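A.B. asks: Here it is, the structure in full.
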Amino acid sequence: MPAIRTVASDEALPRRAAVCVIGGGVAGVTTALELAERGIDVVLLEKGEIAAEQSSRNWGWCRQMGRDPREIPLIQISLRLWDGMNARVGGETGFTRCGIIYLSETEAELAAKNAWYENNARPAGLSTRMVGADEANALQPGCTRPWKGALYTPDDGRAEPFVAVPLMAEALRRKGGKLFTRCAVRGLETKGGRVTGVVTEKGAIACDSVVLAGGAWSRRFCHNMGIELPQLTVVNSVMRTAPIDTGLSRSCSGGGFTFRKRRDGGYTVTHQHYSVADIVPDSFRLLGAFLPALRLDWQGLRLRLGKRFVDEARLRRRWALDERSPFEEVRILDPAPVNDILDEAAQRLKEYYPAFAPMQVAERWAGCIDAVPDAVPVISGVDALPGFHLCTGFSGHGFGLGPGAGKLMAEIVTGERPCVDPSPFRYARFFDGSNPRPTTGL
């Protein structure tokens, strides 16, 4: 797993808080930070370490481009928050508006990008634009094969996940929030049909509201309470290089590879297309819900049956609050990277951009992306259990969206006017006949 900035934990568990947030990834941390900045007594509870799972393992892209249109208003809020993040947290998150370019080798690829531009970027007033072959090759020079054109967003950005989220967590503590690591929440206490507290492995905390930002663990937590959450995981593999001078600073996708410049002088490199979906018992339970998404992106998803099936089957789906929970049995999901996918990405990158030929791979890792059927996050209360909220299911989009998601979640919890229309992110959409489906992204 990538090295992350360690965040100190508070020691004495409080007896009461106004809000308890479960999960120390970007969604949970930003929600708690927003609440603390409002003067609300908030406690953040993490079973392992801050940002130890997907929130430190992602690509570090903060993009408007290529998103589902339902996410665009929220990413616009997020980027404005990213702009002020260093001052807000008192440290260097690595955020910069580097620009992102999606390159096209064929007319068919270019047509798909143009369709997204016309249907989404233009109506939303994004800075995104289509560029022709000459400008695409000038923006991302040095390729051995000329590009047909590209989709380009000059004010999209990047940040460093392994330091950004821990810095946010440290800011949370400075602003009055409490934070506990290695402190799994086993479940909720309720009275009169609403939330009254959480039960952790170290004791109980009474509270009025709970936010579950559990990433890939959210479905299991909800199931133990009798709440259905359609969610599966996808394994994405990533690598970083040692420092290398290529002259390329824009984040890029095309030709079977993606890359972004890092503050340490190296690059984060991944495959443009491939992720792995492990077949697990929930794959069969949720096949109908996820079939439309599978059909949409079947070429980029490799199905795999192996050890993960057994591991998932062994973890309990039901437990009592005085029993050791699955979150104590597995503190951190740390899947092995799929090396053949990364090898292919590295080979193609070197073929297309010879400036990368001498690159040295310093580290490889993988992360479990929490996905929902329409690939749009759930940022919502749960009507069946007043006081319980979900901030999960980011489907690989969570790091860039994180600040906006935390703001929206905090506004929902406090009853403030929301910064964006929250209806696309409502939990009830999976059960109210809306029949949510993914839309074509890039």
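Residue numbering restarts at 1 in every chain; chains get A, B, ... in the order shown in the structure tokens, and ligands count up from 1 in that same order.
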Can you pull out the residues contacting A:Ala357? Cut-off 10 Å, using only C-alpha atoms, and skip same-chain residues under 4 positions away; I want them as number ranges by chain.
C.D. replies: A: 246, 346-347, 349-353
A.B. asks: Residues as selected, N, CA, C and O atoms, written as a PDB file, in the first residue's frame, can you do that?
C.D. replies:
```
ATOM      1  N   THR A 246      10.082  14.605 -18.167  1.00  0.00           N
ATOM      2  CA  THR A 246       9.506  14.356 -19.492  1.00  0.00           C
ATOM      3  C   THR A 246       9.004  15.631 -20.146  1.00  0.00           C
ATOM      4  O   THR A 246       8.686  15.619 -21.337  1.00  0.00           O
ATOM      5  N   ALA A 346       2.440   0.479 -18.854  1.00  0.00           N
ATOM      6  CA  ALA A 346       3.805   1.002 -18.918  1.00  0.00           C
ATOM      7  C   ALA A 346       4.401   0.825 -20.307  1.00  0.00           C
ATOM      8  O   ALA A 346       5.060   1.736 -20.843  1.00  0.00           O
ATOM      9  N   GLN A 347       4.159  -0.332 -20.908  1.00  0.00           N
ATOM     10  CA  GLN A 347       4.694  -0.588 -22.240  1.00  0.00           C
ATOM     11  C   GLN A 347       4.114   0.373 -23.266  1.00  0.00           C
ATOM     12  O   GLN A 347       4.843   0.957 -24.083  1.00  0.00           O
ATOM     13  N   LEU A 349       2.751   3.321 -22.703  1.00  0.00           N
ATOM     14  CA  LEU A 349       3.194   4.680 -22.412  1.00  0.00           C
ATOM     15  C   LEU A 349       4.577   4.931 -23.010  1.00  0.00           C
ATOM     16  O   LEU A 349       4.826   5.984 -23.635  1.00  0.00           O
ATOM     17  N   LYS A 350       5.480   3.984 -22.857  1.00  0.00           N
ATOM     18  CA  LYS A 350       6.835   4.145 -23.399  1.00  0.00           C
ATOM     19  C   LYS A 350       6.837   4.152 -24.924  1.00  0.00           C
ATOM     20  O   LYS A 350       7.627   4.871 -25.551  1.00  0.00           O
ATOM     21  N   GLU A 351       5.955   3.344 -25.529  1.00  0.00           N
ATOM     22  CA  GLU A 351       5.872   3.306 -26.981  1.00  0.00           C
ATOM     23  C   GLU A 351       5.347   4.626 -27.538  1.00  0.00           C
ATOM     24  O   GLU A 351       5.849   5.133 -28.545  1.00  0.00           O
ATOM     25  N   TYR A 352       4.351   5.187 -26.883  1.00  0.00           N
ATOM     26  CA  TYR A 352       3.724   6.415 -27.364  1.00  0.00           C
ATOM     27  C   TYR A 352       4.565   7.648 -27.029  1.00  0.00           C
ATOM     28  O   TYR A 352       4.659   8.567 -27.833  1.00  0.00           O
ATOM     29  N   TYR A 353       5.142   7.653 -25.831  1.00  0.00           N
ATOM     30  CA  TYR A 353       5.929   8.795 -25.372  1.00  0.00           C
ATOM     31  C   TYR A 353       7.330   8.320 -24.965  1.00  0.00           C
ATOM     32  O   TYR A 353       7.543   7.931 -23.815  1.00  0.00           O
TER      33      TYR A 353
END
```
A.B. asks: Can you tell me which residues surround stretch 313-329 of chain A at a distance of at most 8 Å, considering only C-alpha atoms, apart from same-chain residues fewer than 2 positions away, and format the answer as number ranges by chain?
C.D. replies: A: 47, 184-187, 199, 201, 220, 223-224, 280-281, 309-311, 331
A.B. asks: If you keep C-alpha atoms, can you produce a file of those selected residues as a PDB file, in the first residue's frame?
C.D. replies:
```pdb
ATOM      1  CA  LYS A  47     -11.524   1.171  11.885  1.00  0.00           C
ATOM      2  CA  ALA A 184     -14.304   0.190  14.447  1.00  0.00           C
ATOM      3  CA  VAL A 185     -17.995   0.959  14.749  1.00  0.00           C
ATOM      4  CA  ARG A 186     -19.901  -2.283  15.203  1.00  0.00           C
ATOM      5  CA  GLY A 187     -23.363  -0.807  14.723  1.00  0.00           C
ATOM      6  CA  VAL A 199     -21.363   1.179  19.463  1.00  0.00           C
ATOM      7  CA  GLU A 201     -15.132  -1.711  19.799  1.00  0.00           C
ATOM      8  CA  ARG A 220     -21.880  -4.906   4.946  1.00  0.00           C
ATOM      9  CA  HIS A 223     -26.881  -5.222   5.890  1.00  0.00           C
ATOM     10  CA  ASN A 224     -26.331  -5.901   9.579  1.00  0.00           C
ATOM     11  CA  VAL A 280     -18.003 -12.580  -4.771  1.00  0.00           C
ATOM     12  CA  PRO A 281     -21.271 -13.848  -3.249  1.00  0.00           C
ATOM     13  CA  PHE A 309     -14.755 -15.005  -3.198  1.00  0.00           C
ATOM     14  CA  VAL A 310     -13.710 -17.149  -0.232  1.00  0.00           C
ATOM     15  CA  ASP A 311     -12.546 -14.149   1.807  1.00  0.00           C
ATOM     16  CA  ARG A 331      -8.792  -3.283   9.250  1.00  0.00           C
TER      17      ARG A 331
END
```
A.B. asks: Of the residues A:Pro418, A:Pro373, A:Val235, A:Asp245, which is the one nearest to A:Arg304, using only C-alpha atoms?
C.D. replies: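 Answer, going by the shortest atom-to-atom distance: A:Val235.
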A.B. asks: With only C-alpha atoms as the counted atoms, please give the residues lying no more than 7 Å from A:Glu46, apart from itself and same-chain residues fewer than 6 positions off, as a list in words.
C.D. replies: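 Everything that qualifies: Ile22, Gly23, Gly24, Phe180, Thr181, Arg182, Cys183 and Ala184 of chain A.
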A.B. asks: Per DSSP on the backbone, what are the alpha helix (DSSP H) residues of stretch 271-309 of chain A, as a PDB file with C-alpha atoms, in the first residue's frame?
C.D. replies:
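File produced: out.pdb:
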```pdb
ATOM      1  CA  PRO A 281     -21.271 -13.848  -3.249  1.00  0.00           C
ATOM      2  CA  ASP A 282     -22.830 -10.377  -3.603  1.00  0.00           C
ATOM      3  CA  SER A 283     -22.081 -10.470  -7.338  1.00  0.00           C
ATOM      4  CA  PHE A 284     -24.905 -12.969  -7.728  1.00  0.00           C
ATOM      5  CA  ARG A 285     -27.230 -11.199  -5.298  1.00  0.00           C
ATOM      6  CA  LEU A 287     -26.422  -9.122 -10.752  1.00  0.00           C
ATOM      7  CA  GLY A 288     -29.720  -7.650 -11.918  1.00  0.00           C
ATOM      8  CA  ALA A 289     -28.982  -4.223 -10.449  1.00  0.00           C
ATOM      9  CA  PHE A 290     -25.510  -4.008 -11.974  1.00  0.00           C
ATOM     10  CA  LEU A 291     -26.178  -5.608 -15.363  1.00  0.00           C
ATOM     11  CA  PRO A 292     -26.775  -2.261 -17.176  1.00  0.00           C
ATOM     12  CA  ALA A 293     -23.440  -0.928 -15.889  1.00  0.00           C
ATOM     13  CA  LEU A 294     -21.688  -4.139 -16.910  1.00  0.00           C
ATOM     14  CA  ARG A 295     -23.096  -3.873 -20.426  1.00  0.00           C
ATOM     15  CA  LEU A 296     -21.990  -0.242 -20.677  1.00  0.00           C
ATOM     16  CA  LYS A 307      -9.458 -15.991  -3.309  1.00  0.00           C
ATOM     17  CA  ARG A 308     -11.604 -12.891  -2.844  1.00  0.00           C
ATOM     18  CA  PHE A 309     -14.755 -15.005  -3.198  1.00  0.00           C
TER      19      PHE A 309
END
```
A.B. asks: Find the distance between atom CA of A:Arg417 and atom CA of A:Arg429 and write it in Å to one decimal.
C.D. replies: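 These atoms are spaced 20.6 Å apart.
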A.B. asks: Leaving out A:Ala371 and any residue of its chain fewer than 6 positions from it, which residues lie within 8 Å of it when counting only C-alpha atoms, given as an MDAnalysis selection string?
C.D. replies: chainID A and resid 216 231:234 393:396
A.B. asks: Can you tell me how far atom CA of A:Pro14 sits from atom CA of A:His389, in Å to one decimal?
C.D. replies: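 According to the coordinates, atom CA of A:Pro14 and atom CA of A:His389 are separated by 20.9 Å.
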A.B. asks: Show which residues sit within 9 Å of A:Ala204, as a PDB file with C-alpha atoms, in the first residue's frame. Count only C-alpha atoms, and ignore same-chain residues fewer than 6 positions away.
C.D. replies:
```pdb
ATOM      1  CA  LEU A  13     -13.819   8.231  23.723  1.00  0.00           C
ATOM      2  CA  PRO A  14     -16.540  10.798  24.533  1.00  0.00           C
ATOM      3  CA  ARG A  15     -19.844   9.670  25.970  1.00  0.00           C
ATOM      4  CA  ARG A  16     -21.801  11.911  23.639  1.00  0.00           C
ATOM      5  CA  GLU A 189     -28.205   2.072  18.805  1.00  0.00           C
ATOM      6  CA  GLY A 197     -25.844   6.364  19.231  1.00  0.00           C
ATOM      7  CA  VAL A 198     -23.045   4.195  17.900  1.00  0.00           C
TER       8      VAL A 198
END
```
A.B. asks: Within 12 Å of A:Glu344, counting only C-alpha atoms, which residues qualify if same-chain residues fewer than 5 places away don't, as an MDAnalysis selection string?
C.D. replies: chainID A and resid 237:238 255:258 269:274 338:339 349:351
A.B. asks: Smallest atom-to-atom distance to A:Cys391: which of A:Trp365, A:Phe356, A:Phe425, A:Phe162, using only C-alpha atoms?
C.D. replies: A:Phe425
A.B. asks: Which residues are near A:Ile379? Cut-off 10 Å, only C-alpha atoms, ignore same chain within fewer than 6 positions. Put them as a list in words.
C.D. replies: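 That gives Ala27, Val211, Leu212, Ala213, His389, Leu390, Cys391, Thr392, Gly393, Phe394, Ala405, Gly406, Leu408, Met409, Ala410, Ile412, Pro422, Ser423, Pro424, Phe425, Arg426 and Tyr427 of chain A.
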A.B. asks: Those same residues, written as a compact mmCIF listing (two decimals), in the first residue's frame with N, CA, C and O atoms?
C.D. replies:
```
# COMPACT_ATOMS: atom_id res chain seq x y z
N ALA A 27 -14.51 11.23 1.96
CA ALA A 27 -15.91 11.62 2.17
C ALA A 27 -16.20 11.83 3.65
O ALA A 27 -16.85 12.81 4.04
N VAL A 211 -23.32 9.57 10.15
CA VAL A 211 -23.01 9.53 8.72
C VAL A 211 -22.12 8.32 8.47
O VAL A 211 -21.04 8.21 9.05
N LEU A 212 -22.58 7.42 7.60
CA LEU A 212 -21.76 6.28 7.20
C LEU A 212 -21.05 6.62 5.90
O LEU A 212 -21.68 6.74 4.85
N ALA A 213 -19.73 6.80 5.99
CA ALA A 213 -18.89 7.04 4.82
C ALA A 213 -17.88 5.90 4.75
O ALA A 213 -16.67 6.12 4.80
N HIS A 389 -27.43 8.60 7.88
CA HIS A 389 -27.12 9.17 6.58
C HIS A 389 -26.02 8.35 5.89
O HIS A 389 -25.16 7.76 6.56
N LEU A 390 -26.04 8.36 4.57
CA LEU A 390 -25.05 7.66 3.76
C LEU A 390 -24.27 8.65 2.91
O LEU A 390 -24.85 9.56 2.32
N CYS A 391 -22.96 8.47 2.87
CA CYS A 391 -22.09 9.24 1.98
C CYS A 391 -21.10 8.25 1.40
O CYS A 391 -19.97 8.10 1.89
N THR A 392 -21.51 7.56 0.37
CA THR A 392 -20.77 6.40 -0.11
C THR A 392 -21.09 6.13 -1.57
O THR A 392 -21.85 6.87 -2.20
N GLY A 393 -20.49 5.07 -2.14
CA GLY A 393 -20.80 4.67 -3.51
C GLY A 393 -20.23 5.60 -4.56
O GLY A 393 -20.84 5.80 -5.61
N PHE A 394 -19.02 6.13 -4.33
CA PHE A 394 -18.48 7.15 -5.24
C PHE A 394 -17.97 6.58 -6.56
O PHE A 394 -17.67 7.33 -7.48
N ALA A 405 -18.78 16.81 -1.71
CA ALA A 405 -19.63 15.80 -1.10
C ALA A 405 -19.72 16.02 0.41
O ALA A 405 -20.80 15.90 1.00
N GLY A 406 -18.58 16.33 1.03
CA GLY A 406 -18.59 16.59 2.47
C GLY A 406 -19.44 17.80 2.81
O GLY A 406 -20.17 17.82 3.81
N LEU A 408 -22.04 18.99 1.01
CA LEU A 408 -23.44 18.65 0.82
C LEU A 408 -23.94 17.76 1.95
O LEU A 408 -25.05 17.96 2.47
N MET A 409 -23.14 16.78 2.37
CA MET A 409 -23.56 15.89 3.44
C MET A 409 -23.76 16.67 4.73
O MET A 409 -24.75 16.45 5.45
N ALA A 410 -22.85 17.57 5.05
CA ALA A 410 -22.98 18.38 6.27
C ALA A 410 -24.25 19.23 6.21
O ALA A 410 -24.95 19.39 7.23
N ILE A 412 -27.01 18.53 4.59
CA ILE A 412 -28.17 17.65 4.77
C ILE A 412 -28.35 17.31 6.26
O ILE A 412 -29.46 17.34 6.79
N PRO A 422 -29.82 17.97 -4.13
CA PRO A 422 -29.39 16.67 -3.61
C PRO A 422 -30.14 15.48 -4.19
O PRO A 422 -29.76 14.33 -3.95
N SER A 423 -31.19 15.72 -4.96
CA SER A 423 -32.05 14.62 -5.40
C SER A 423 -31.33 13.55 -6.24
O SER A 423 -31.66 12.37 -6.11
N PRO A 424 -30.35 13.91 -7.09
CA PRO A 424 -29.68 12.85 -7.84
C PRO A 424 -28.90 11.88 -6.95
O PRO A 424 -28.59 10.77 -7.38
N PHE A 425 -28.61 12.30 -5.70
CA PHE A 425 -27.77 11.50 -4.81
C PHE A 425 -28.59 10.81 -3.72
O PHE A 425 -28.01 10.22 -2.80
N ARG A 426 -29.90 10.86 -3.83
CA ARG A 426 -30.75 10.30 -2.77
C ARG A 426 -30.65 8.77 -2.74
O ARG A 426 -30.63 8.11 -3.78
N TYR A 427 -30.64 8.23 -1.55
CA TYR A 427 -30.61 6.78 -1.35
C TYR A 427 -31.86 6.12 -1.92
O TYR A 427 -31.80 5.04 -2.51
```
A.B. asks: For stretch 294-408 of chain A against stretch 50-60 of chain A, with a cut-off of 9 Å and counting only C-alpha atoms, what is the closest atom pair and its distance in Å to one decimal for every residue that makes the cut, ordered by chain and number, as CSV?
C.D. replies:
```
residue,atom,partner,partner_atom,distance
A:Ile332,CA,A:Glu53,CA,6.3
A:Leu333,CA,A:Glu53,CA,6.2
A:Asp334,CA,A:Glu53,CA,7.2
A:Trp365,CA,A:Arg57,CA,7.3
A:Ala366,CA,A:Arg57,CA,6.7
A:Gly367,CA,A:Gln54,CA,5.2
A:Cys368,CA,A:Gln54,CA,6.1
A:Ile369,CA,A:Gln54,CA,6.4
A:Asp370,CA,A:Gln54,CA,8.7
A:Gly396,CA,A:Asn58,CA,7.7
A:Gly398,CA,A:Ser55,CA,7.7
A:Phe399,CA,A:Ser55,CA,6.4
A:Gly400,CA,A:Gly60,CA,7.5
```
A.B. asks: Any chance you could export the current selection's N, CA and C atoms as a short mmCIF file (atom, residue, chain, number, x, y, z; two decimals), in the first residue's frame?
C.D. replies:
```
data_model
loop_
_atom_site.label_atom_id
_atom_site.label_comp_id
_atom_site.auth_asym_id
_atom_site.auth_seq_id
_atom_site.Cartn_x
_atom_site.Cartn_y
_atom_site.Cartn_z
N ILE A 332 -7.87 -3.02 7.02
CA ILE A 332 -7.56 -2.27 5.79
C ILE A 332 -7.63 -3.22 4.60
N LEU A 333 -8.42 -2.88 3.61
CA LEU A 333 -8.42 -3.64 2.36
C LEU A 333 -7.17 -3.30 1.57
N ASP A 334 -6.37 -4.31 1.28
CA ASP A 334 -5.09 -4.08 0.61
C ASP A 334 -4.89 -5.11 -0.51
N TRP A 365 0.45 -0.55 -6.42
CA TRP A 365 -0.56 -0.86 -5.43
C TRP A 365 -1.91 -0.99 -6.11
N ALA A 366 -2.91 -1.39 -5.36
CA ALA A 366 -4.29 -1.46 -5.87
C ALA A 366 -5.23 -1.00 -4.77
N GLY A 367 -6.44 -0.64 -5.16
CA GLY A 367 -7.45 -0.21 -4.22
C GLY A 367 -8.82 -0.73 -4.62
N CYS A 368 -9.71 -0.83 -3.65
CA CYS A 368 -11.07 -1.30 -3.88
C CYS A 368 -12.02 -0.11 -4.03
N ILE A 369 -12.51 0.09 -5.23
CA ILE A 369 -13.46 1.16 -5.52
C ILE A 369 -14.85 0.69 -5.17
N ASP A 370 -15.58 1.49 -4.39
CA ASP A 370 -16.97 1.16 -4.05
C ASP A 370 -17.89 1.68 -5.14
N GLY A 396 -15.33 5.41 -7.93
CA GLY A 396 -14.07 5.87 -8.51
C GLY A 396 -13.99 7.36 -8.71
N GLY A 398 -14.54 9.66 -6.10
CA GLY A 398 -14.66 10.26 -4.79
C GLY A 398 -13.60 11.28 -4.41
N PHE A 399 -12.36 11.11 -4.85
CA PHE A 399 -11.32 12.01 -4.39
C PHE A 399 -11.58 13.44 -4.85
N GLY A 400 -11.80 13.62 -6.14
CA GLY A 400 -12.08 14.96 -6.65
C GLY A 400 -13.38 15.53 -6.10
#
```
A.B. asks: Pick from A:Phe221, A:Phe388, A:Trp61, A:Tyr102: nearest to A:Trp82, with only C-alpha atoms counted?
C.D. replies: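 Checking each of A:Phe221, A:Phe388, A:Trp61, A:Tyr102 against A:Trp82, counting only C-alpha atoms, the winner is A:Trp61.
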A.B. asks: Which is closest to A:Pro354 among A:Val163, A:Gly91, A:Pro141, A:Val19, if we use only C-alpha atoms?
C.D. replies: A:Pro141
A.B. asks: Once DSSP has gone over the backbone, tell me which residues of stretch 58-183 of chain A are in strand (DSSP E), as a ChimeraX atom specification.
C.D. replies: /A:61-62,100-104,129-132,149-153,157-158,178-180
A.B. asks: Mind writing the picked residues with N, CA, C and O atoms as a compact mmCIF listing (two decimals), in the first residue's frame?
C.D. replies:
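Final output, saved to out_35.txt:
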```
# COMPACT_ATOMS: atom_id res chain seq x y z
N TRP A 61 -6.77 12.60 -9.48
CA TRP A 61 -7.35 13.53 -10.45
C TRP A 61 -8.52 14.27 -9.81
O TRP A 61 -9.32 13.68 -9.07
N CYS A 62 -8.64 15.54 -10.10
CA CYS A 62 -9.77 16.37 -9.66
C CYS A 62 -10.39 16.95 -10.92
O CYS A 62 -10.03 18.04 -11.36
N ILE A 100 -6.42 18.71 -17.81
CA ILE A 100 -6.53 17.29 -18.17
C ILE A 100 -6.93 17.19 -19.62
O ILE A 100 -7.80 17.93 -20.10
N ILE A 101 -6.29 16.26 -20.32
CA ILE A 101 -6.56 16.07 -21.74
C ILE A 101 -6.87 14.61 -22.01
O ILE A 101 -6.15 13.71 -21.57
N TYR A 102 -7.98 14.35 -22.72
CA TYR A 102 -8.38 13.01 -23.15
C TYR A 102 -8.08 12.92 -24.65
O TYR A 102 -8.77 13.55 -25.47
N LEU A 103 -7.08 12.16 -25.01
CA LEU A 103 -6.60 12.07 -26.38
C LEU A 103 -7.33 10.98 -27.16
O LEU A 103 -7.72 9.96 -26.59
N SER A 104 -7.46 11.20 -28.46
CA SER A 104 -8.18 10.25 -29.32
C SER A 104 -7.30 9.81 -30.48
O SER A 104 -6.70 10.64 -31.17
N ARG A 129 -13.13 22.02 -23.94
CA ARG A 129 -13.31 22.27 -25.36
C ARG A 129 -12.73 21.11 -26.16
O ARG A 129 -11.86 20.38 -25.69
N MET A 130 -13.25 20.94 -27.35
CA MET A 130 -12.69 19.99 -28.30
C MET A 130 -11.52 20.66 -29.02
O MET A 130 -11.60 21.84 -29.38
N VAL A 131 -10.44 19.92 -29.21
CA VAL A 131 -9.30 20.46 -29.93
C VAL A 131 -8.97 19.52 -31.09
O VAL A 131 -9.15 18.31 -31.01
N GLY A 132 -8.48 20.11 -32.17
CA GLY A 132 -8.11 19.33 -33.33
C GLY A 132 -6.76 18.66 -33.20
O GLY A 132 -6.08 18.77 -32.17
N GLY A 149 -7.28 14.15 -32.28
CA GLY A 149 -7.83 15.31 -31.58
C GLY A 149 -7.99 14.94 -30.12
O GLY A 149 -7.51 13.90 -29.66
N ALA A 150 -8.67 15.80 -29.37
CA ALA A 150 -8.78 15.56 -27.93
C ALA A 150 -9.91 16.36 -27.32
O ALA A 150 -10.43 17.32 -27.92
N LEU A 151 -10.29 15.95 -26.12
CA LEU A 151 -11.17 16.72 -25.24
C LEU A 151 -10.27 17.30 -24.14
O LEU A 151 -9.52 16.55 -23.50
N TYR A 152 -10.33 18.60 -23.94
CA TYR A 152 -9.36 19.26 -23.07
C TYR A 152 -10.07 20.20 -22.11
O TYR A 152 -10.91 21.01 -22.51
N THR A 153 -9.72 20.09 -20.83
CA THR A 153 -10.25 21.00 -19.80
C THR A 153 -9.07 21.65 -19.09
O THR A 153 -8.41 21.02 -18.26
N GLY A 157 -7.84 19.63 -12.37
CA GLY A 157 -6.65 19.63 -11.52
C GLY A 157 -6.22 18.27 -11.03
O GLY A 157 -6.72 17.21 -11.44
N ARG A 158 -5.29 18.32 -10.09
CA ARG A 158 -4.76 17.12 -9.44
C ARG A 158 -4.33 17.50 -8.04
O ARG A 158 -4.10 18.65 -7.72
N LYS A 178 -13.25 15.54 17.08
CA LYS A 178 -12.48 14.43 17.66
C LYS A 178 -12.32 13.34 16.61
O LYS A 178 -13.20 13.14 15.78
N LEU A 179 -11.22 12.63 16.70
CA LEU A 179 -10.88 11.64 15.68
C LEU A 179 -10.28 10.42 16.36
O LEU A 179 -9.36 10.54 17.18
N PHE A 180 -10.80 9.25 16.00
CA PHE A 180 -10.31 8.01 16.59
C PHE A 180 -10.00 7.01 15.48
O PHE A 180 -10.87 6.66 14.68
```
